[in-house]
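Below is the file work_36.cif, which contains mmCIF, C-alpha atoms.
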data_model
loop_
_atom_site.label_atom_id
_atom_site.label_comp_id
_atom_site.auth_asym_id
_atom_site.auth_seq_id
_atom_site.Cartn_x
_atom_site.Cartn_y
_atom_site.Cartn_z
CA GLU R 1 27.92 -108.41 49.89
CA ILE R 2 27.74 -111.85 51.52
CA PHE R 3 26.81 -115.11 49.96
CA THR R 4 26.53 -118.52 51.58
CA VAL R 5 27.61 -122.01 50.60
CA SER R 6 26.54 -125.25 52.25
CA THR R 7 30.00 -125.92 53.60
CA PRO R 8 31.24 -126.47 57.20
CA VAL R 9 31.68 -123.25 59.15
CA TYR R 10 35.23 -122.45 60.26
CA VAL R 11 34.98 -119.08 62.03
CA CYS R 12 33.31 -118.40 65.38
CA VAL R 13 32.76 -114.71 66.17
CA PRO R 14 33.70 -114.11 69.82
CA THR R 15 31.64 -112.05 72.22
CA GLY R 16 32.57 -108.42 72.87
CA TRP R 17 33.53 -107.68 69.28
CA ARG R 18 32.13 -108.53 65.92
CA VAL R 19 32.94 -108.29 62.25
CA LYS R 20 30.77 -105.62 60.68
CA SER R 21 29.78 -105.83 57.02
CA HIS R 22 29.70 -102.42 55.36
CA PRO R 23 28.05 -102.04 51.94
CA VAL R 24 30.46 -101.13 49.18
CA PRO R 25 29.55 -99.48 45.85
CA GLN R 26 30.74 -102.37 43.69
CA ALA R 27 30.90 -105.88 45.08
CA HIS R 28 33.99 -107.93 44.26
CA PHE R 29 35.11 -111.29 45.60
CA LEU R 30 38.49 -112.89 46.13
CA HIS R 31 36.76 -116.27 46.01
CA GLY R 32 35.26 -115.96 42.52
CA PRO R 33 31.64 -115.53 41.37
CA TYR R 34 28.52 -116.61 43.26
CA PRO R 35 28.71 -120.41 43.43
CA ALA R 36 25.83 -122.37 41.96
CA THR R 37 24.22 -124.93 44.27
CA HIS R 38 22.36 -126.81 41.52
CA PHE R 39 24.22 -128.85 38.91
CA GLY R 40 22.29 -129.86 35.81
CA PRO R 41 18.57 -130.68 35.97
CA LYS R 42 18.64 -133.05 38.95
CA ALA R 43 21.77 -132.59 41.08
CA CYS R 44 22.37 -130.13 43.92
CA ILE R 45 24.36 -129.71 47.12
CA LEU R 46 22.77 -131.47 50.08
CA PRO R 47 20.96 -128.76 52.11
CA ASN R 48 22.39 -128.31 55.59
CA PRO R 49 21.23 -125.09 57.27
CA THR R 50 23.32 -125.70 60.40
CA SER R 51 26.66 -125.64 58.57
CA VAL R 52 27.09 -122.51 56.50
CA MET R 53 30.27 -120.63 55.64
CA HIS R 54 29.99 -116.91 54.91
CA ILE R 55 32.40 -115.67 52.26
CA GLN R 56 32.71 -111.93 52.65
CA ASP R 57 34.01 -109.16 50.45
CA PRO R 58 37.38 -108.24 52.02
CA ALA R 59 36.58 -104.53 51.64
CA SER R 60 33.68 -104.91 54.09
CA GLN R 61 35.56 -106.97 56.71
CA ARG R 62 35.80 -104.42 59.48
CA LEU R 63 35.75 -104.40 63.27
CA THR R 64 33.18 -102.71 65.45
CA TRP R 65 32.67 -102.71 69.22
CA ASN R 66 29.47 -103.86 70.91
CA LYS R 67 30.67 -102.07 74.03
CA PRO R 68 33.58 -99.62 74.50
CA PRO R 69 36.84 -101.51 75.26
CA VAL R 70 38.14 -101.20 78.81
CA ASN R 71 40.75 -103.93 79.45
CA VAL R 72 43.88 -103.85 77.29
CA LEU R 73 46.63 -106.48 77.31
CA VAL R 74 50.05 -105.08 76.40
CA ILE R 75 52.64 -107.64 75.27
CA ARG R 76 56.25 -106.53 75.08
CA LYS R 77 59.20 -108.39 73.66
CA ILE R 78 61.33 -109.61 76.58
CA ARG R 79 65.06 -108.90 76.90
CA ASP R 80 65.00 -105.94 74.53
CA GLU R 81 66.01 -102.72 76.25
CA SER R 82 65.05 -100.63 73.23
CA LEU R 83 61.39 -101.36 73.96
CA VAL R 84 61.38 -100.04 77.53
CA GLU R 85 60.63 -96.44 76.57
CA PRO R 86 57.90 -97.30 74.02
CA PHE R 87 56.33 -99.58 76.62
CA LYS R 88 56.28 -96.83 79.24
CA GLU R 89 54.87 -94.32 76.76
CA LEU R 90 52.08 -96.66 75.71
CA CYS R 91 51.13 -97.59 79.29
CA HIS R 92 51.07 -93.92 80.32
CA PHE R 93 48.85 -93.10 77.33
CA LEU R 94 46.43 -95.96 78.00
CA VAL R 95 46.16 -95.42 81.76
CA GLU R 96 46.35 -91.64 82.13
CA GLU R 97 44.84 -90.37 78.89
CA LYS R 98 42.42 -93.14 77.93
CA GLY R 99 41.49 -94.48 81.39
CA MET R 100 42.09 -98.09 80.41
CA LEU R 101 42.83 -101.01 82.70
CA VAL R 102 46.16 -102.38 81.43
CA PHE R 103 47.25 -106.02 81.87
CA VAL R 104 50.91 -107.02 81.50
CA GLU R 105 52.89 -110.14 82.26
CA ARG R 106 54.52 -110.13 85.71
CA ARG R 107 58.04 -110.68 84.38
CA VAL R 108 57.67 -107.59 82.19
CA VAL R 109 56.86 -105.36 85.17
CA ALA R 110 59.69 -107.00 87.14
CA ASP R 111 62.24 -105.61 84.65
CA VAL R 112 64.93 -103.71 86.58
CA SER R 113 64.68 -100.74 84.23
CA LEU R 114 61.03 -100.35 85.27
CA THR R 115 61.27 -101.11 88.99
CA THR R 116 64.03 -98.52 89.44
CA ASP R 117 62.31 -95.80 87.42
CA GLU R 118 60.60 -93.45 89.88
CA THR R 119 58.81 -91.57 87.08
CA PHE R 120 57.02 -94.79 86.12
CA ALA R 121 56.17 -95.86 89.68
CA THR R 122 52.64 -94.41 89.69
CA ILE R 123 51.72 -96.11 86.42
CA ARG R 124 53.37 -99.40 87.45
CA LYS R 125 51.19 -99.62 90.56
CA GLN R 126 48.05 -99.39 88.41
CA LEU R 127 49.04 -102.24 86.07
CA CYS R 128 47.34 -105.62 86.45
CA THR R 129 49.83 -108.48 86.27
CA PHE R 130 49.46 -112.15 85.37
CA ARG R 131 51.64 -115.25 84.98
CA GLU R 132 51.50 -117.44 81.88
CA GLY R 133 50.22 -120.90 82.73
CA TYR R 134 48.84 -119.81 86.11
CA ASP R 135 46.39 -116.96 85.58
CA ASP R 136 43.56 -117.15 83.04
CA ILE R 137 42.89 -113.74 81.50
CA SER R 138 41.17 -115.01 78.36
CA HIS R 139 37.70 -113.82 79.40
CA CYS R 140 38.55 -110.30 80.55
CA ILE R 141 40.68 -108.80 77.74
CA ASP R 142 39.05 -106.51 75.16
CA LEU R 143 42.09 -105.60 73.06
CA ILE R 144 45.68 -106.83 72.70
CA ILE R 145 48.54 -104.48 71.78
CA CYS R 146 51.89 -106.05 70.84
CA LEU R 147 55.24 -104.26 70.93
CA GLY R 148 58.00 -106.18 69.18
CA GLY R 149 58.26 -108.60 66.27
CA ASP R 150 56.13 -111.42 64.91
CA GLY R 151 56.92 -113.53 67.98
CA THR R 152 54.81 -111.24 70.17
CA LEU R 153 51.72 -111.98 68.08
CA LEU R 154 52.44 -115.72 68.20
CA TYR R 155 52.77 -115.43 71.97
CA ALA R 156 49.49 -113.53 72.19
CA SER R 157 47.80 -116.32 70.24
CA SER R 158 49.14 -118.93 72.67
CA LEU R 159 47.57 -117.11 75.64
CA PHE R 160 44.07 -117.47 74.18
CA GLN R 161 43.15 -121.07 73.44
CA GLY R 162 39.55 -120.09 72.69
CA SER R 163 38.19 -116.74 71.56
CA VAL R 164 40.91 -114.18 70.80
CA PRO R 165 40.40 -110.40 71.25
CA PRO R 166 41.43 -108.10 68.39
CA VAL R 167 45.21 -107.73 68.12
CA MET R 168 47.03 -104.52 67.22
CA ALA R 169 50.74 -105.14 66.53
CA PHE R 170 53.46 -102.46 66.36
CA HIS R 171 56.62 -103.18 64.40
CA LEU R 172 59.46 -102.91 66.92
CA GLY R 173 61.22 -106.19 66.19
CA SER R 174 63.49 -107.67 63.53
CA LEU R 175 61.09 -108.93 60.83
CA GLY R 176 57.64 -107.47 61.33
CA PHE R 177 55.67 -109.52 58.81
CA LEU R 178 52.66 -109.65 61.16
CA THR R 179 53.16 -106.20 62.72
CA PRO R 180 51.91 -103.52 60.30
CA PHE R 181 51.79 -100.47 62.60
CA LYS R 182 54.61 -97.97 63.16
CA PHE R 183 55.02 -96.83 66.76
CA GLU R 184 55.72 -93.21 65.85
CA SER R 185 51.97 -92.62 65.35
CA TYR R 186 50.72 -94.93 68.12
CA LYS R 187 48.38 -92.37 69.75
CA THR R 188 46.51 -91.70 66.54
CA GLU R 189 46.34 -95.35 65.52
CA VAL R 190 45.18 -96.62 68.93
CA ALA R 191 42.54 -93.90 69.12
CA LYS R 192 41.19 -94.99 65.72
CA VAL R 193 40.91 -98.60 66.90
CA PHE R 194 39.03 -97.51 70.05
CA GLU R 195 36.56 -95.69 67.80
CA GLY R 196 35.93 -98.88 65.80
CA ASN R 197 35.49 -99.41 62.07
CA ALA R 198 39.01 -100.81 61.66
CA ALA R 199 39.90 -103.26 58.89
CA ILE R 200 40.84 -106.70 60.20
CA THR R 201 42.30 -109.93 58.90
CA LEU R 202 40.91 -113.12 60.42
CA ARG R 203 44.03 -115.27 60.65
CA SER R 204 42.92 -118.88 60.89
CA ARG R 205 44.55 -121.19 63.44
CA LEU R 206 45.06 -124.94 63.65
CA LYS R 207 43.39 -127.01 66.33
CA VAL R 208 45.90 -129.70 67.30
CA LYS R 209 45.48 -132.79 69.47
CA VAL R 210 48.28 -135.16 70.44
CA HIS R 211 47.13 -138.70 71.28
CA GLU R 212 49.35 -141.03 73.31
CA ALA R 213 48.17 -144.54 74.23
CA GLY R 214 44.64 -143.57 73.24
CA ASN R 215 44.53 -140.48 75.48
CA ILE R 216 44.69 -136.82 74.50
CA THR R 217 47.84 -135.51 76.18
CA LEU R 218 47.99 -132.09 74.52
CA GLN R 219 45.43 -129.86 72.85
CA MET R 220 46.21 -126.36 71.61
CA GLN R 221 45.63 -123.66 69.01
CA VAL R 222 48.47 -122.91 66.59
CA LEU R 223 48.78 -119.74 64.50
CA ASN R 224 51.76 -120.53 62.24
CA GLU R 225 52.56 -124.21 61.93
CA VAL R 226 52.96 -127.68 63.36
CA VAL R 227 56.42 -129.08 62.56
CA VAL R 228 57.16 -132.80 62.70
CA ASP R 229 60.87 -133.59 62.25
CA ARG R 230 63.45 -136.32 62.86
CA GLY R 231 64.91 -134.59 65.91
CA PRO R 232 68.47 -135.58 66.91
CA SER R 233 68.38 -138.86 64.98
CA SER R 234 70.58 -139.32 61.90
CA TYR R 235 67.92 -141.47 60.20
CA LEU R 236 65.27 -140.08 57.86
CA SER R 237 61.96 -139.41 59.50
CA ASN R 238 59.28 -141.78 58.25
CA VAL R 239 55.74 -140.68 59.04
CA ASP R 240 52.35 -141.50 57.52
CA LEU R 241 49.99 -138.68 56.57
CA TYR R 242 46.23 -139.31 56.67
CA LEU R 243 43.47 -137.03 55.37
CA ASP R 244 40.01 -137.60 56.86
CA GLY R 245 41.05 -141.08 57.90
CA ARG R 246 42.61 -142.15 54.59
CA LEU R 247 46.32 -142.65 54.07
CA ILE R 248 47.48 -140.24 51.35
CA THR R 249 51.27 -140.57 51.55
CA SER R 250 54.32 -141.34 53.67
CA VAL R 251 56.87 -138.62 54.31
CA GLN R 252 60.50 -139.75 54.18
CA GLY R 253 62.91 -136.91 54.75
CA ASP R 254 63.72 -134.39 57.46
CA GLY R 255 60.05 -133.93 58.33
CA VAL R 256 56.82 -132.21 57.35
CA ILE R 257 55.23 -128.82 58.06
CA VAL R 258 51.46 -128.36 58.44
CA SER R 259 50.76 -124.64 58.35
CA THR R 260 48.04 -122.02 58.14
CA PRO R 261 48.06 -119.36 55.39
CA THR R 262 49.63 -117.05 57.97
CA GLY R 263 52.40 -119.62 58.49
CA SER R 264 52.97 -119.93 54.73
CA THR R 265 55.43 -117.03 54.94
CA ALA R 266 57.34 -118.58 57.87
CA TYR R 267 59.10 -121.99 57.97
CA ALA R 268 56.97 -123.26 55.06
CA ALA R 269 58.29 -120.53 52.76
CA ALA R 270 61.87 -121.54 53.63
CA ALA R 271 60.96 -125.14 52.72
CA GLY R 272 59.71 -124.13 49.26
CA ALA R 273 55.96 -123.65 49.79
CA SER R 274 53.86 -121.02 48.08
CA MET R 275 52.76 -117.96 50.04
CA ILE R 276 49.00 -117.80 50.64
CA HIS R 277 46.97 -114.77 51.69
CA PRO R 278 45.71 -115.26 55.29
CA ASN R 279 42.08 -114.82 54.20
CA VAL R 280 42.20 -117.99 52.08
CA PRO R 281 40.60 -120.95 53.94
CA ALA R 282 43.25 -123.63 53.55
CA ILE R 283 45.84 -125.86 55.24
CA MET R 284 49.31 -126.28 53.73
CA VAL R 285 51.35 -129.47 53.84
CA THR R 286 55.04 -128.94 53.07
CA PRO R 287 57.76 -131.61 53.23
CA ILE R 288 61.15 -130.71 54.72
CA CYS R 289 63.96 -131.97 52.48
CA PRO R 290 62.01 -134.99 51.19
CA HIS R 291 64.05 -137.88 49.77
CA SER R 292 61.96 -137.73 46.62
CA LEU R 293 62.11 -135.64 43.44
CA SER R 294 58.32 -135.46 43.11
CA PHE R 295 57.06 -134.49 46.57
CA ARG R 296 55.68 -131.00 46.06
CA PRO R 297 53.96 -128.91 48.75
CA ILE R 298 50.16 -129.24 48.65
CA VAL R 299 47.19 -127.16 49.80
CA VAL R 300 44.07 -128.87 51.20
CA PRO R 301 40.66 -127.46 52.20
CA ALA R 302 40.44 -125.89 55.63
CA GLY R 303 37.76 -128.29 56.89
CA VAL R 304 39.67 -131.56 56.57
CA GLU R 305 41.34 -133.42 59.43
CA LEU R 306 44.97 -134.39 58.97
CA MET R 307 46.55 -137.12 61.08
CA ILE R 308 50.27 -137.81 61.35
CA THR R 309 51.68 -141.04 62.79
CA LEU R 310 55.00 -142.84 62.75
CA SER R 311 55.15 -145.40 59.94
CA PRO R 312 55.24 -149.00 61.23
CA ASP R 313 58.69 -149.50 59.70
CA ALA R 314 60.15 -146.21 60.96
CA ARG R 315 63.64 -146.65 62.40
CA ASN R 316 63.34 -143.89 64.95
CA THR R 317 60.86 -141.65 66.72
CA CYS R 318 59.98 -138.14 65.56
CA TRP R 319 59.57 -134.79 67.29
CA VAL R 320 56.81 -132.21 67.06
CA SER R 321 56.62 -128.50 67.93
CA PHE R 322 53.80 -125.97 67.80
CA ASP R 323 54.68 -122.45 66.67
CA GLY R 324 58.20 -123.32 67.83
CA ARG R 325 57.07 -124.18 71.38
CA LYS R 326 56.21 -127.23 73.51
CA ARG R 327 58.53 -129.55 71.59
CA GLN R 328 57.95 -133.21 72.41
CA GLU R 329 58.75 -136.71 71.17
CA ILE R 330 56.26 -138.84 69.21
CA SER R 331 56.61 -142.63 69.44
CA HIS R 332 54.97 -145.62 67.75
CA GLY R 333 51.26 -145.71 68.56
CA ASP R 334 51.02 -141.93 69.06
CA CYS R 335 49.29 -139.63 66.58
CA ILE R 336 48.81 -135.93 65.90
CA LYS R 337 45.41 -134.75 64.66
CA ILE R 338 45.18 -131.34 62.99
CA THR R 339 42.26 -129.35 61.59
CA THR R 340 41.23 -125.71 61.21
CA SER R 341 40.15 -124.05 64.44
CA CYS R 342 36.95 -122.02 64.64
CA TYR R 343 38.82 -119.40 66.72
CA PRO R 344 40.89 -117.16 64.41
CA VAL R 345 43.20 -114.34 65.46
CA PRO R 346 41.56 -111.03 64.44
CA SER R 347 44.58 -109.01 63.36
CA ILE R 348 43.90 -105.29 62.94
CA CYS R 349 45.17 -103.87 59.63
CA CYS R 350 47.03 -100.62 59.21
CA HIS R 351 45.48 -99.98 55.78
CA ASP R 352 43.49 -102.98 54.58
CA LEU R 353 43.96 -106.74 54.52
CA VAL R 354 45.11 -106.86 50.88
CA TYR R 355 47.51 -103.90 50.85
CA ASP R 356 49.07 -104.81 54.22
CA TRP R 357 49.92 -108.33 53.05
CA PHE R 358 51.59 -107.27 49.80
CA GLU R 359 53.40 -104.47 51.62
CA SER R 360 54.82 -106.98 54.09
CA LEU R 361 55.91 -109.27 51.22
CA ALA R 362 57.80 -106.38 49.65
CA GLN R 363 59.28 -104.91 52.82
CA CYS R 364 60.16 -108.09 54.75
CA LEU R 365 60.87 -110.67 52.05
CA HIS R 366 61.73 -108.34 49.13
CA TRP R 367 59.27 -110.31 47.02
CA ASN R 368 59.90 -110.03 43.27
CA VAL R 369 62.52 -107.32 43.66
CA ARG R 370 64.81 -106.93 40.66
CA LYS R 371 66.38 -104.17 38.65
CA LYS R 372 63.91 -102.77 36.13
CA GLN R 373 64.52 -103.54 32.49
CA ALA R 374 65.36 -100.39 30.53
CA ARG R 375 63.03 -99.41 27.72
CA LEU R 376 64.21 -99.42 24.15
CA ALA R 377 65.01 -96.17 22.38
CA ASP R 378 62.39 -95.06 19.89
CA ASP R 379 64.70 -95.56 16.91
CA VAL R 380 65.73 -99.14 17.83
CA SER R 381 64.02 -101.91 15.92
CA ASP R 382 62.63 -105.12 17.45
CA SER R 383 65.30 -107.41 18.90
CA SER R 384 64.32 -110.21 16.54
CA ASP R 385 65.41 -108.06 13.59
CA THR R 386 68.70 -107.02 15.16
CA GLU R 387 71.87 -108.89 14.26
CA ASN R 388 74.05 -110.07 17.18
#

If you took the structure in this file and wrote it as structure tokens, what would it be?
Amino acid sequence: EIFTVSTPVYVCVPTGWRVKSHPVPQAHFLHGPYPATHFGPKACILPNPTSVMHIQDPASQRLTWNKPPVNVLVIRKIRDESLVEPFKELCHFLVEEKGMLVFVERRVVADVSLTTDETFATIRKQLCTFREGYDDISHCIDLIICLGGDGTLLYASSLFQGSVPPVMAFHLGSLGFLTPFKFESYKTEVAKVFEGNAAITLRSRLKVKVHEAGNITLQMQVLNEVVVDRGPSSYLSNVDLYLDGRLITSVQGDGVIVSTPTGSTAYAAAAGASMIHPNVPAIMVTPICPHSLSFRPIVVPAGVELMITLSPDARNTCWVSFDGRKRQEISHGDCIKITTSCYPVPSICCHDLVYDWFESLAQCLHWNVRKKQARLADDVSDSSDTEN
């Protein structure tokens, strides 16, 4: 149930896990019918065998293990005492019952509620610790388990600037748009993932480079969005937006958001953008309070490169942040280059990638919730024939 189009490839499958295509009785596609590659009697798409994008039936997008997983990274929301007990339960289950090697951040293990708990001492000694920004664990983790809200998944993404292991996220935070699993059944759900054949959503990321004085000063992968805003200045931000090297518009307002489909339900949604399913290959550009009545949010193909610079006549600098982190100032002569990364975040689904998304829209954002209209009684005529 796969067809190919001569289009740039956007997804790199990491080592250690792979997306397995299972045959389904009736093929159906979210991306429409099989695309023709010949147009009329003489025109066709230029053949390019080295750049092919596979568009897969979502029903067959499932995870399988090349080798049994051994190393598990557990990410817990910091400064939330309600997560201490779930964290201890999960670590005990992974270490004692499943024989896994569990990695946790050092500041998590240093929590007073854990260091003073004698019943957890044996497990704590077997945990492998690391420090963000100092220890590179990107090549030794087989599976990531998040306990908390959506921020834990964003944090997990930031730890892996290349290939990302599969992520299983439990809803123990405030929103939970990206965390489909309930912790009450964690043993059953984790065991299913270890067995393989789990549905996954490949959440695309943005590859971002910040250039200052001709040099790349920052390069990172972003899961939700890149936000360029006016910072503390009282003036409008005034930035130029380029697409594949061509100026397409100038943004005059509070700023602009460049987001992934996953980020379309975050800041972009608050700024008036449409919500896009994470499987759609696209980049969203959403203005923040533009001083224009006609500046609507736009969606561009995933393969393009966007560049943002200060306009020559801008009265002030602007500021940029990446998934809400690493905020820094952008001056004249600097630029931000953004395109789709080939390293997505493989997010494990609780049910499937279509149902989970619509369920999160309903549960977290109360999408299209209204009181149902009552039906008419059988003996009531059509409203157009009824006098007021």

| said: Just the number, please: distance in Å from atom CA of Pro344 of chain R to atom CA of Phe194 of chain R, one decimal. | reply: 20.5 Å

| task | Could you check how far atom CA of Ile276 of chain R sits from atom CA of Gln252 of chain R, in Å to one decimal? | result |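 The value is 25.0 Å.
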
| Residue nearest Asn71 of chain R among R:Ile145, R:Ala156, R:Val222, R:Ala110 (counting only C-alpha atoms) |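 Residue with the minimum atom-to-atom distance to Asn71 of chain R: R:Ile145.
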
| task | Just the residues within 10 Å of Val210 of chain R, please, counting all atoms listed in the file, with nothing from its chain fewer than 6 positions along; format it as an NGL selection string. | result | :R and (216-220 or 307-308 or 320 or 330 or 334-338)

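For the pair atom CA of Asn368 of chain R and atom CA of Val280 of chain R, the interatomic distance is 21.3 Å.
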
Would you mind writing segment 298-307 of chain R with all heavy atoms, as a CSV table (one decimal), in the frame of the given file?
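Written out: out35.csv:
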chain,number,residue,atom,x,y,z
R,298,ILE,N,51.6,-129.2,49.1
R,298,ILE,CA,50.2,-129.2,48.6
R,298,ILE,C,49.3,-128.3,49.6
R,298,ILE,O,49.7,-128.0,50.7
R,298,ILE,CB,49.6,-130.7,48.7
R,298,ILE,CG1,49.7,-131.3,50.1
R,298,ILE,CG2,50.3,-131.6,47.7
R,298,ILE,CD1,49.0,-132.6,50.2
R,299,VAL,N,48.2,-128.0,49.0
R,299,VAL,CA,47.2,-127.2,49.8
R,299,VAL,C,45.9,-128.0,49.8
R,299,VAL,O,45.4,-128.4,48.8
R,299,VAL,CB,47.0,-125.8,49.1
R,299,VAL,CG1,45.9,-125.0,49.9
R,299,VAL,CG2,48.3,-125.0,49.0
R,300,VAL,N,45.3,-128.1,51.0
R,300,VAL,CA,44.1,-128.9,51.2
R,300,VAL,C,43.0,-128.0,51.8
R,300,VAL,O,43.3,-126.9,52.4
R,300,VAL,CB,44.3,-130.1,52.1
R,300,VAL,CG1,45.3,-131.1,51.4
R,300,VAL,CG2,44.8,-129.7,53.5
R,301,PRO,N,41.7,-128.3,51.6
R,301,PRO,CA,40.7,-127.5,52.2
R,301,PRO,C,40.8,-127.3,53.7
R,301,PRO,O,41.2,-128.2,54.4
R,301,PRO,CB,39.4,-128.2,51.8
R,301,PRO,CG,39.8,-129.1,50.6
R,301,PRO,CD,41.2,-129.4,50.9
R,302,ALA,N,40.3,-126.2,54.2
R,302,ALA,CA,40.4,-125.9,55.6
R,302,ALA,C,39.7,-126.8,56.5
R,302,ALA,O,40.0,-127.0,57.7
R,302,ALA,CB,40.0,-124.4,55.9
R,303,GLY,N,38.6,-127.5,56.0
R,303,GLY,CA,37.8,-128.3,56.9
R,303,GLY,C,38.2,-129.7,57.1
R,303,GLY,O,37.6,-130.4,57.9
R,304,VAL,N,39.3,-130.2,56.4
R,304,VAL,CA,39.7,-131.6,56.6
R,304,VAL,C,40.4,-131.8,57.9
R,304,VAL,O,40.9,-130.8,58.5
R,304,VAL,CB,40.6,-132.0,55.4
R,304,VAL,CG1,39.8,-131.8,54.1
R,304,VAL,CG2,41.9,-131.3,55.4
R,305,GLU,N,40.5,-133.1,58.3
R,305,GLU,CA,41.3,-133.4,59.4
R,305,GLU,C,42.6,-134.2,59.0
R,305,GLU,O,42.4,-135.2,58.3
R,305,GLU,CB,40.6,-134.3,60.4
R,305,GLU,CG,41.4,-134.6,61.7
R,305,GLU,CD,40.7,-135.5,62.7
R,305,GLU,OE1,40.5,-136.7,62.3
R,305,GLU,OE2,40.3,-135.0,63.7
R,306,LEU,N,43.7,-133.7,59.3
R,306,LEU,CA,45.0,-134.4,59.0
R,306,LEU,C,45.4,-135.2,60.2
R,306,LEU,O,45.3,-134.7,61.3
R,306,LEU,CB,46.1,-133.4,58.6
R,306,LEU,CG,45.8,-132.6,57.3
R,306,LEU,CD1,46.8,-131.5,57.1
R,306,LEU,CD2,45.9,-133.5,56.1
R,307,MET,N,46.0,-136.3,60.0
R,307,MET,CA,46.6,-137.1,61.1
R,307,MET,C,47.9,-137.6,60.7
R,307,MET,O,48.2,-138.1,59.6
R,307,MET,CB,45.7,-138.3,61.4
R,307,MET,CG,46.2,-139.1,62.6
R,307,MET,SD,45.0,-140.5,63.1
R,307,MET,CE,45.2,-141.6,61.7
